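Asks: Let me begin by handing over the structure; questions about it come next.
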Amino acid sequence: MNKFPIILSLFLISFLIKTGWSQCESNSTDNHVACDSFTWIDGVTYTSSNNTAVFTLVGANAAGCDSIITLNLVLKISSTDANLVTSSDSLICENSNVTLNVSGGSLGTNSQWVWYKDSCSGNSIDTGSSINVTQASNTTYFVRAEGDCNNTSCLNVTVENLPYFIDIDSLSIDSTYNSSNNTWSIIDSVCPQSAVQLFAHYSETFPLGYSITWYENSCGSIPIGIGDSITVYPDSTTIYYARVIGTCGASLCKNITVFTKDGSISPDGISASSNNFCIGGSTTLTVVGGQLGTGASWGWYKGSCGGNFQGSGSSKTVTPNATTTYYVRANGGACGATSCAEILINTYDLNVYHSPIDSTCESSPFVLQGGFPQGGNYSGNGITDSIFDPAIAGFGSHIITYSFTDSNNCSNSTQFPVVILESNIDPVSISSNAYEICNGNSTTINLDNSNQIINGSQWVWYQGSCGTGQIIGTSSTSNQITVSPSTTTNYYVRAEGGLCPASNCIGVTIDVYTLETHLIEFDDICGEDYPVFELTGGSPSGGVFSGAGVENGFFNPKNAGIGNHNITYTYSLGPCVATDVENIQINNSPLLVNYSIGQETCSEGGIMIHAHVRDGLGYYGYEWSDGSLENPLTYAENNIYSVLVSDANNCYTLLDNIVVDSSLNCIEIVNTFSPNGDGINDYWNLNFPNYSQVNLIIFNKWGNQIKEFSGSNSYQWDGKTLGGKDLPAGTYYYVIELDIPDGPTQNGPITIIR
């Protein structure tokens with residue numbers, strides 16, 4: 001049975017009793033606590049706390065009145081599972097601390113991370129996202145979120161414990177086999193520096209990660225070895241210690257004593273008062289370290305240990321005649337001879353020599369080289385450090401000494417000669433009477449008096465290149481030579497002879513010009529009015545044109561006039577000049593040109609100048625003085641004009657002094673009117689104030705005259721015929737004759753609109 005209607009009805013009855021039956025409607029609050037979401041009676045699922053939702057139950061009480069219910073919802077949040085649980089270390093020593101951490105997940109309402117040991121239940125060991133624990137044995141830790149709404153799944157992590165060290169039971173010395181009686185025994189004492197093997201003994205299982213460490217004289221000092229056994233070489237009676245050391249600590253030390261006899265100890269080394277010296281030198285050798293036992297002494301040897309005996313004592317002075325190895329050891333006593341110490345004594349047999357130096361013609365200082373060993377010193381005439389200056393030493397043979405001292409203060413020297421020969425002297429300056437000549441001419445090349453040669457030498461002149469070109473002359477007394485080159489040529493001179501190489505060259509270039517010029521033939525010119533043109537065709541380019549009608553490289557036929565004219569082309573290069581001549585023939589132009597002036601309406605060309613040509617070949621061209629190129633010239637102004645006319649034969653005639661009178665102007669004539677009696681544009685009005693009399697004739701489209709005016713310079717036409725009849729709308733044509741000498745005739749259309 002659903003209790004909700006009964007409870008609601010009782011609620012409504014109670015409410016009505018309290019408030020009176022006249023107040024039918026009732027109000028109440030529905031309280032709920034839920035996790036994450038809640039679905040109310042209104043069918044809505046709420047995901048957050050809410051105290052404003054209202055629902056009305058219609059007719060819910062006995063009186064049929066509505067009940068208004070308000071939701072008071074408190075939502076709590078569930079926890080989510082963690083992603084990972086970790087530990088600060090997965091392997092630790094017993095009773096060590098480890099940190100445990102939760103990663104990921106989220107805590108719900110009134111929730112916390114709860115930690116357990118060995119299982120995810122029972123008594124918790126701590127709470128929080130990170131905890132510290134002290135562990136004595138291998139342990140697995142569990143964690144989950146616990147709160148008002150839920151407990152999450154458990155995650156776990158395992159932390160293991162490392163083992164502890166074990167104790168060493170005892171230490172022992174290795175036994176020695178006695179072959180005389182086939183027995184093994186442990187010796188009581190050993191000679192100093194003898195090899196003794198020590199053993200460590202233990203009964204427990206040896207833990208992983210641990211080792212036995214050995215010490216000398218005290219436990220915990222500098223380790224001398226690791227392992228179950230080690231070999232030692234005691235100089236004297238020594239206590240040795242051993243213990244087990246590993247990750248989680250160390251055991252107590254065990255010890256054993258090795259006793260030594262009264263024997264000698266090997267020397268550590270040998271010192272020398274000097275080493276690396278010249279043959280004949282001496283050095284004192286001294287024992288370093290070691291110790292003599294009772295009845296023992298130091299013995300010195302060379303060549304090998306125990307070989308060639310050199311004497312006894314803690315020191316020994318030796319004079320080796322070559323590089324030698326010396327040895328020393330203790331002999332005698334309870335334990336006999338020890339091992340040897342050795343030293344190598346180096347001696348030098350210093351040989352000094354110098355490679356020969358060839359005779360030289362050098363005049364500048366140069367560095368002496370060739371001494372061995374390198375790094376010695378030079379001495380002699382002209383020597384500064386290792387630089388020899390021929391200018392100081394002078395010509396001839398000079399004895400130079402090379403000395404060397406090594407690091408052991410060994411010295412030696414050698415001598416060698418340096419022969420300085422007299423060099424050929426370089427020429428100083430050269431000149432020529434002329435550096436540019438024409439082909440076929442000659443010039444003299446001179447060396448000035450400051451140029452000198454030594455005995456046995458002479459000046460040698462070359463053409464083309466220095467030393468390898470053609471020899472064109474030699475002289476020991478004359479300082480000049482005359483040449484006649486046919487092309488541009490380089491000449492050189494140098495001093496040659498004696499025992500030294502030739503001197504450096506000095507040279508000069510003589511430029512030779514062989515000029516030829518050519519001028520291309522000119523075409524005949526038709527008419528002296530032919531346009532001015534630039535002269536071309538001269539080779540090489542860059543020359544100068546001259547002759548009748550020539551100015552600044554241009555030819556003016558008008559200035560030259562009718563006839564045959566010589567044109568000269570001149571080319572210059574250096575002192576040479578070449579010319580060539582060609583003719584230009586100027587013929588009379590056959591073109592005859594006159595003109596006429598016409599007067600049209602302003603829209604049809606205005607004042608026009610017609611050029612009339614005859615006796616030409618046709619295809620005429622026109623160049624008007626105002627730059628126009630068409631014939632007739634339209635819209636001429638009050639000015640003086642000229643026109644240059646040409647035909648297909650390239651003949652030219654100039655017609656000039658064409659004067660346009662200031663009284664001439666284009667005629668402006670209206671070309672439509674509407675004679676319909678409306679008072680607007682009913683007449684065609686013509687007025688020619690610049691003319692005394694104008695004749696006007698009007699025709700129809702068939703050429704029939706329909707009206708004529710004369711005797712005046714001003715007319716008015718009403719669109720009627722000679723008989724006074726109205727003409728129909730349409731286009732008619734007029735002819736106007738201006739009454740002046742040679743006056744122009746003008747015609748055009750006139751349109752009647754009705």
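Following the order of the structure tokens, first chain is A, next is B, and so on, with residues numbered from 1 inside each chain and ligands from 1 in the order they appear.
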Would you pick out the contacts of Ile226 (chain A) at 7 Å or less, using only C-alpha atoms, so that residues sharing its chain but fewer than 5 positions from it are not included, and give the list as JSON, numbers by chain?
Replies: {"A": [211, 212, 213, 214]}
Asks: Got a sec: who's within 8 Å of Glu342 (chain A), counting only C-alpha atoms, leaving out chain neighbours fewer than 5 positions off, as a ChimeraX atom specification?
Replies: /A:269-270,325-328
Asks: Go ahead and save the residues from that selection, with C-alpha atoms, as a CSV table (one decimal), in the first residue's frame.
Replies:
```
chain,number,residue,atom,x,y,z
A,269,GLY,CA,114.6,3.4,-5.2
A,270,ILE,CA,117.9,5.2,-6.1
A,325,THR,CA,121.5,1.0,-15.6
A,326,TYR,CA,122.7,0.7,-11.9
A,327,TYR,CA,121.2,-1.6,-9.3
A,328,VAL,CA,121.3,-1.9,-5.4
```
Asks: Which is closest to Glu146 (chain A) among A:Asn123, A:Gln463, A:Asn31, A:Ser111, if we use only C-alpha atoms?
Replies: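 Of the candidates, the smallest distance to Glu146 (chain A) is held by A:Ser111.
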Asks: Identify, on the basis of only C-alpha atoms, every residue whose closest approach to Thr579 (chain A) does not exceed 8 Å; exclude the query and any residue fewer than 3 positions from it along the same chain; express the result as JSON, numbers by chain.
Replies: {"A": [516, 517, 518, 568, 569, 570, 571]}
Asks: List every residue of region 485-718 of chain A that DSSP, applied to the backbone of this structure, places in strand (DSSP E or B), and write the result as a PyMOL selection string.
Replies: chain A and resi 489-497+506-513+518-519+525-526+533-534+538-539+544-546+550-551+554-555+563-573+576-587+592-599+601+607-614+621-624+633+640-646+651-659+667+672-673+684-687+694-699+705-712+714-717
Asks: I'd like the contact shell of region 235-248 of chain A - 7 Å cut-off, only C-alpha atoms, skipping same-chain residues fewer than 5 positions apart - returned as a ChimeraX atom specification.
Replies: /A:93,164-168,192-193,209-219,253-260,265
Asks: Find, counting only C-alpha atoms, the residue in A:Thr489, A:Ser457, A:Asn95, A:Thr360 that gets nearest to Ser475 (chain A).
Replies: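 Distance minimum relative to Ser475 (chain A) lands on A:Ser457.
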Asks: Counting only C-alpha atoms, what is within 12 Å of Ser484 (chain A), bar same-chain residues fewer than 6 positions away, as a list in words?
Replies: Ala434, Tyr435, Glu436, Ile437, Cys438, Asn439, Gly440, Asn441, Ser442, Thr443, Thr444, Ile445, Gln463, Ile472, Tyr491, Ile510, Asp511 and Val512 of chain A
Asks: Generate a file of the selected residues that holds N, CA and C atoms, formatted as an mmCIF file, in the first residue's frame.
Replies:
```cif
data_model
loop_
_atom_site.group_PDB
_atom_site.id
_atom_site.type_symbol
_atom_site.label_atom_id
_atom_site.label_comp_id
_atom_site.auth_asym_id
_atom_site.auth_seq_id
_atom_site.Cartn_x
_atom_site.Cartn_y
_atom_site.Cartn_z
ATOM 1 N N ALA A 434 110.390 58.625 -77.098
ATOM 2 C CA ALA A 434 108.960 58.647 -77.422
ATOM 3 C C ALA A 434 108.373 57.305 -76.994
ATOM 4 N N TYR A 435 107.233 57.367 -76.295
ATOM 5 C CA TYR A 435 106.576 56.145 -75.843
ATOM 6 C C TYR A 435 105.486 55.695 -76.811
ATOM 7 N N GLU A 436 105.076 56.586 -77.721
ATOM 8 C CA GLU A 436 104.078 56.274 -78.732
ATOM 9 C C GLU A 436 104.625 56.701 -80.082
ATOM 10 N N ILE A 437 104.688 55.747 -81.048
ATOM 11 C CA ILE A 437 105.194 56.063 -82.378
ATOM 12 C C ILE A 437 104.289 55.425 -83.406
ATOM 13 N N CYS A 438 104.353 55.963 -84.626
ATOM 14 C CA CYS A 438 103.622 55.369 -85.730
ATOM 15 C C CYS A 438 104.473 54.257 -86.337
ATOM 16 N N ASN A 439 103.791 53.328 -86.967
ATOM 17 C CA ASN A 439 104.478 52.209 -87.595
ATOM 18 C C ASN A 439 105.497 52.732 -88.609
ATOM 19 N N GLY A 440 106.765 52.223 -88.486
ATOM 20 C CA GLY A 440 107.833 52.656 -89.382
ATOM 21 C C GLY A 440 108.784 53.660 -88.759
ATOM 22 N N ASN A 441 108.399 54.245 -87.637
ATOM 23 C CA ASN A 441 109.282 55.193 -86.960
ATOM 24 C C ASN A 441 110.122 54.465 -85.914
ATOM 25 N N SER A 442 111.082 55.139 -85.315
ATOM 26 C CA SER A 442 111.957 54.564 -84.301
ATOM 27 C C SER A 442 112.038 55.487 -83.101
ATOM 28 N N THR A 443 112.570 54.930 -81.974
ATOM 29 C CA THR A 443 112.780 55.711 -80.762
ATOM 30 C C THR A 443 113.981 55.153 -80.025
ATOM 31 N N THR A 444 114.603 55.953 -79.175
ATOM 32 C CA THR A 444 115.792 55.545 -78.421
ATOM 33 C C THR A 444 115.423 55.377 -76.957
ATOM 34 N N ILE A 445 115.804 54.201 -76.406
ATOM 35 C CA ILE A 445 115.556 53.898 -74.993
ATOM 36 C C ILE A 445 116.859 54.113 -74.241
ATOM 37 N N GLN A 463 113.671 41.938 -76.008
ATOM 38 C CA GLN A 463 112.398 42.341 -76.611
ATOM 39 C C GLN A 463 111.353 41.275 -76.310
ATOM 40 N N ILE A 472 118.280 41.841 -78.203
ATOM 41 C CA ILE A 472 118.424 42.782 -79.317
ATOM 42 C C ILE A 472 119.679 43.637 -79.177
ATOM 43 N N TYR A 491 110.135 46.319 -73.955
ATOM 44 C CA TYR A 491 111.586 46.181 -73.986
ATOM 45 C C TYR A 491 112.091 46.138 -72.547
ATOM 46 N N ILE A 510 106.672 50.485 -75.671
ATOM 47 C CA ILE A 510 106.571 51.419 -76.790
ATOM 48 C C ILE A 510 105.305 51.055 -77.557
ATOM 49 N N ASP A 511 104.334 51.987 -77.562
ATOM 50 C CA ASP A 511 103.086 51.758 -78.282
ATOM 51 C C ASP A 511 103.255 52.150 -79.733
ATOM 52 N N VAL A 512 102.898 51.258 -80.667
ATOM 53 C CA VAL A 512 103.011 51.497 -82.112
ATOM 54 C C VAL A 512 101.601 51.510 -82.689
#
```
Asks: A:Asp118, A:Asp268, A:Glu94, A:Glu623: which is nearest Val143 (chain A), counting only C-alpha atoms?
Replies: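 The shortest atom-to-atom distance to Val143 (chain A) comes from A:Asp118.
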Asks: For each of A:Gly543, A:Leu654, A:Val659, A:Ile609, take the minimum atom-to-atom distance to Val593 (chain A), counting only C-alpha atoms, then give the residue where this is smallest.
Replies: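 Looking only at the distances to Val593 (chain A), the closest residue turns out to be A:Leu654.
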Asks: What does the structure give for the distance between CA of Asp682 (chain A) and CA of Gly730 (chain A), in Å to one decimal?
Replies: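 Interatomic distance, CA of Asp682 (chain A) to CA of Gly730 (chain A): 14.8 Å.
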Asks: Out of A:Ser386, A:Thr45, A:Leu107, A:Thr86, which residue has the shortest atom-to-atom distance to Thr158 (chain A) when counting only C-alpha atoms?
Replies: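 Nearest candidate to Thr158 (chain A) out of A:Ser386, A:Thr45, A:Leu107, A:Thr86: A:Thr86.
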Asks: Figure out the distance between CA of Lys76 (chain A) and CA of Val114 (chain A), please, to one decimal in Å.
Replies: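 We find that CA of Val114 (chain A) and CA of Lys76 (chain A) lie 19.3 Å from each other.
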Asks: Show which residues sit within 9 Å of Gly621 (chain A), as an mmCIF file with N, CA and C atoms, in the first residue's frame. Count only C-alpha atoms, and ignore same-chain residues fewer than 2 positions away.
Replies:
```cif
data_model
loop_
_atom_site.group_PDB
_atom_site.id
_atom_site.type_symbol
_atom_site.label_atom_id
_atom_site.label_comp_id
_atom_site.auth_asym_id
_atom_site.auth_seq_id
_atom_site.Cartn_x
_atom_site.Cartn_y
_atom_site.Cartn_z
ATOM 1 N N GLY A 618 54.361 59.762 -105.827
ATOM 2 C CA GLY A 618 53.249 59.351 -104.976
ATOM 3 C C GLY A 618 53.716 58.932 -103.584
ATOM 4 N N TYR A 619 52.725 58.443 -102.797
ATOM 5 C CA TYR A 619 52.999 58.066 -101.405
ATOM 6 C C TYR A 619 53.673 59.229 -100.665
ATOM 7 N N GLU A 623 55.316 67.008 -93.439
ATOM 8 C CA GLU A 623 55.793 67.409 -92.113
ATOM 9 C C GLU A 623 55.572 68.897 -91.974
ATOM 10 N N LEU A 629 51.322 65.790 -89.324
ATOM 11 C CA LEU A 629 51.791 64.924 -90.410
ATOM 12 C C LEU A 629 50.692 64.626 -91.423
ATOM 13 N N GLU A 630 49.513 65.270 -91.307
ATOM 14 C CA GLU A 630 48.392 65.009 -92.208
ATOM 15 C C GLU A 630 48.202 66.171 -93.177
ATOM 16 N N ASN A 631 47.628 65.863 -94.345
ATOM 17 C CA ASN A 631 47.287 66.886 -95.350
ATOM 18 C C ASN A 631 45.809 66.712 -95.697
ATOM 19 N N LEU A 644 57.169 70.315 -95.296
ATOM 20 C CA LEU A 644 58.200 69.563 -96.005
ATOM 21 C C LEU A 644 57.531 68.335 -96.581
ATOM 22 N N VAL A 645 57.540 68.230 -97.921
ATOM 23 C CA VAL A 645 56.830 67.175 -98.629
ATOM 24 C C VAL A 645 57.854 66.185 -99.171
ATOM 25 N N SER A 646 57.578 64.876 -99.014
ATOM 26 C CA SER A 646 58.431 63.824 -99.561
ATOM 27 C C SER A 646 57.570 62.832 -100.312
ATOM 28 N N ASP A 647 58.225 62.124 -101.256
ATOM 29 C CA ASP A 647 57.487 61.110 -102.009
ATOM 30 C C ASP A 647 58.126 59.748 -101.794
ATOM 31 N N ALA A 648 57.636 58.759 -102.580
ATOM 32 C CA ALA A 648 58.122 57.395 -102.433
ATOM 33 C C ALA A 648 59.562 57.257 -102.860
#
```
Asks: Ranking A:Trp300, A:Trp702, A:Trp184, A:Trp113 by minimum distance to Thr152 (chain A) and counting only C-alpha atoms, which one comes first?
Replies: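 Nearest to Thr152 (chain A): A:Trp113.
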Asks: Looking only at the backbone, which of the residues in region 448-683 of chain A does DSSP tag as helix (DSSP H, G or I), as a ChimeraX atom specification?
Replies: /A:557-560,602-604
Asks: Would you mind exporting the chosen residues as a JSON list (two decimals), in the first residue's frame, restricted to N, CA and C atoms?
Replies:
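Below you can see selection.json, which holds the result:
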```
[["chain", "number", "residue", "atom", "x", "y", "z"],
["A", 557, "PRO", "N", 71.95, 69.34, -96.09],
["A", 557, "PRO", "CA", 71.93, 69.50, -97.55],
["A", 557, "PRO", "C", 71.64, 70.94, -97.98],
["A", 558, "LYS", "N", 70.84, 71.64, -97.20],
["A", 558, "LYS", "CA", 70.49, 73.03, -97.57],
["A", 558, "LYS", "C", 71.74, 73.88, -97.59],
["A", 559, "ASN", "N", 72.62, 73.68, -96.54],
["A", 559, "ASN", "CA", 73.85, 74.48, -96.49],
["A", 559, "ASN", "C", 74.84, 74.06, -97.57],
["A", 560, "ALA", "N", 74.83, 72.79, -97.92],
["A", 560, "ALA", "CA", 75.77, 72.32, -98.94],
["A", 560, "ALA", "C", 75.34, 72.76, -100.32],
["A", 602, "CYS", "N", 33.61, 74.99, -87.77],
["A", 602, "CYS", "CA", 34.56, 74.64, -86.70],
["A", 602, "CYS", "C", 34.56, 73.14, -86.44],
["A", 603, "SER", "N", 33.41, 72.48, -86.62],
["A", 603, "SER", "CA", 33.34, 71.04, -86.39],
["A", 603, "SER", "C", 33.90, 70.24, -87.55],
["A", 604, "GLU", "N", 34.05, 70.87, -88.73],
["A", 604, "GLU", "CA", 34.52, 70.16, -89.91],
["A", 604, "GLU", "C", 35.96, 70.48, -90.26]]
```
Asks: Neighbouring residues of Gly299 (chain A) were defined as those with any atom within 12 Å, considering only C-alpha atoms; residues of the same chain fewer than 4 positions away were excluded. Please report them as a PyMOL selection string.
Replies: chain A and resi 266-267+285-287+292+305-316+326-332+337-342
Asks: Store the residues picked out above in a file with N, CA and C atoms, as a CSV table (one decimal), in the first residue's frame.
Replies:
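This is the output file part34.csv:
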```
chain,number,residue,atom,x,y,z
A,266,SER,N,113.7,-4.4,1.1
A,266,SER,CA,114.2,-3.9,-0.2
A,266,SER,C,114.1,-2.4,-0.3
A,267,PRO,N,115.1,-1.8,-1.0
A,267,PRO,CA,115.1,-0.3,-1.2
A,267,PRO,C,113.9,0.1,-2.0
A,285,LEU,N,125.2,8.0,-6.5
A,285,LEU,CA,124.0,7.2,-6.4
A,285,LEU,C,123.8,6.9,-4.9
A,286,THR,N,122.5,7.1,-4.4
A,286,THR,CA,122.2,6.9,-3.0
A,286,THR,C,121.0,6.0,-2.9
A,287,VAL,N,121.0,5.1,-1.9
A,287,VAL,CA,119.8,4.2,-1.6
A,287,VAL,C,118.7,5.1,-1.1
A,292,LEU,N,118.3,-2.4,6.4
A,292,LEU,CA,119.2,-3.5,6.5
A,292,LEU,C,118.9,-4.3,7.8
A,305,CYS,N,120.7,-7.0,-11.9
A,305,CYS,CA,120.7,-7.1,-10.5
A,305,CYS,C,121.5,-8.4,-10.1
A,306,GLY,N,122.6,-8.2,-9.4
A,306,GLY,CA,123.5,-9.2,-9.0
A,306,GLY,C,124.6,-9.5,-10.0
A,307,GLY,N,124.6,-8.6,-11.1
A,307,GLY,CA,125.6,-8.8,-12.2
A,307,GLY,C,127.0,-8.2,-11.8
A,308,ASN,N,127.5,-7.2,-12.6
A,308,ASN,CA,128.8,-6.6,-12.4
A,308,ASN,C,128.8,-5.8,-11.1
A,309,PHE,N,129.5,-6.4,-10.0
A,309,PHE,CA,129.5,-5.7,-8.7
A,309,PHE,C,130.3,-4.5,-8.8
A,310,GLN,N,129.7,-3.4,-8.2
A,310,GLN,CA,130.4,-2.1,-8.2
A,310,GLN,C,130.9,-1.6,-6.9
A,311,GLY,N,130.4,-2.2,-5.8
A,311,GLY,CA,130.8,-1.8,-4.5
A,311,GLY,C,129.7,-1.9,-3.5
A,312,SER,N,130.0,-1.6,-2.2
A,312,SER,CA,129.0,-1.6,-1.1
A,312,SER,C,128.9,-0.3,-0.5
A,313,GLY,N,127.8,-0.1,0.3
A,313,GLY,CA,127.5,1.1,1.0
A,313,GLY,C,126.2,1.7,0.6
A,314,SER,N,125.8,2.7,1.4
A,314,SER,CA,124.5,3.3,1.1
A,314,SER,C,124.5,4.3,0.0
A,315,SER,N,125.8,4.7,-0.5
A,315,SER,CA,125.9,5.5,-1.7
A,315,SER,C,127.1,5.1,-2.5
A,316,LYS,N,127.1,5.5,-3.8
A,316,LYS,CA,128.2,5.0,-4.6
A,316,LYS,C,128.4,6.1,-5.7
A,326,TYR,N,122.1,1.1,-13.2
A,326,TYR,CA,122.7,0.7,-11.9
A,326,TYR,C,121.6,0.1,-11.0
A,327,TYR,N,122.1,-0.9,-10.2
A,327,TYR,CA,121.2,-1.6,-9.3
A,327,TYR,C,121.8,-1.6,-7.9
A,328,VAL,N,120.8,-1.7,-6.8
A,328,VAL,CA,121.3,-1.9,-5.4
A,328,VAL,C,120.3,-2.8,-4.7
A,329,ARG,N,120.8,-3.6,-3.8
A,329,ARG,CA,120.0,-4.5,-2.9
A,329,ARG,C,120.7,-4.7,-1.6
A,330,ALA,N,120.0,-5.3,-0.7
A,330,ALA,CA,120.6,-5.7,0.6
A,330,ALA,C,121.0,-7.1,0.5
A,331,ASN,N,122.3,-7.4,0.9
A,331,ASN,CA,122.8,-8.7,0.9
A,331,ASN,C,123.1,-9.2,2.3
A,332,GLY,N,123.0,-10.5,2.6
A,332,GLY,CA,123.3,-11.1,3.9
A,332,GLY,C,122.2,-11.0,4.9
A,337,ALA,N,119.5,-12.0,0.4
A,337,ALA,CA,119.4,-10.8,-0.5
A,337,ALA,C,117.9,-10.4,-0.8
A,338,THR,N,117.7,-9.1,-0.8
A,338,THR,CA,116.4,-8.6,-1.2
A,338,THR,C,116.3,-8.4,-2.7
A,339,SER,N,115.1,-7.9,-3.1
A,339,SER,CA,115.0,-7.5,-4.5
A,339,SER,C,115.7,-6.2,-4.7
A,340,CYS,N,116.0,-5.9,-6.0
A,340,CYS,CA,116.8,-4.7,-6.4
A,340,CYS,C,116.0,-3.5,-6.7
A,341,ALA,N,116.5,-2.3,-6.4
A,341,ALA,CA,116.0,-1.0,-7.0
A,341,ALA,C,117.0,-0.7,-8.1
A,342,GLU,N,116.5,0.1,-9.2
A,342,GLU,CA,117.4,0.4,-10.3
A,342,GLU,C,117.2,1.8,-10.7
```
Asks: Distance CA of Gly371 (chain A)-CA of Thr405 (chain A), one decimal place?
Replies: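 For CA of Gly371 (chain A) relative to CA of Thr405 (chain A), the distance reads 12.4 Å.
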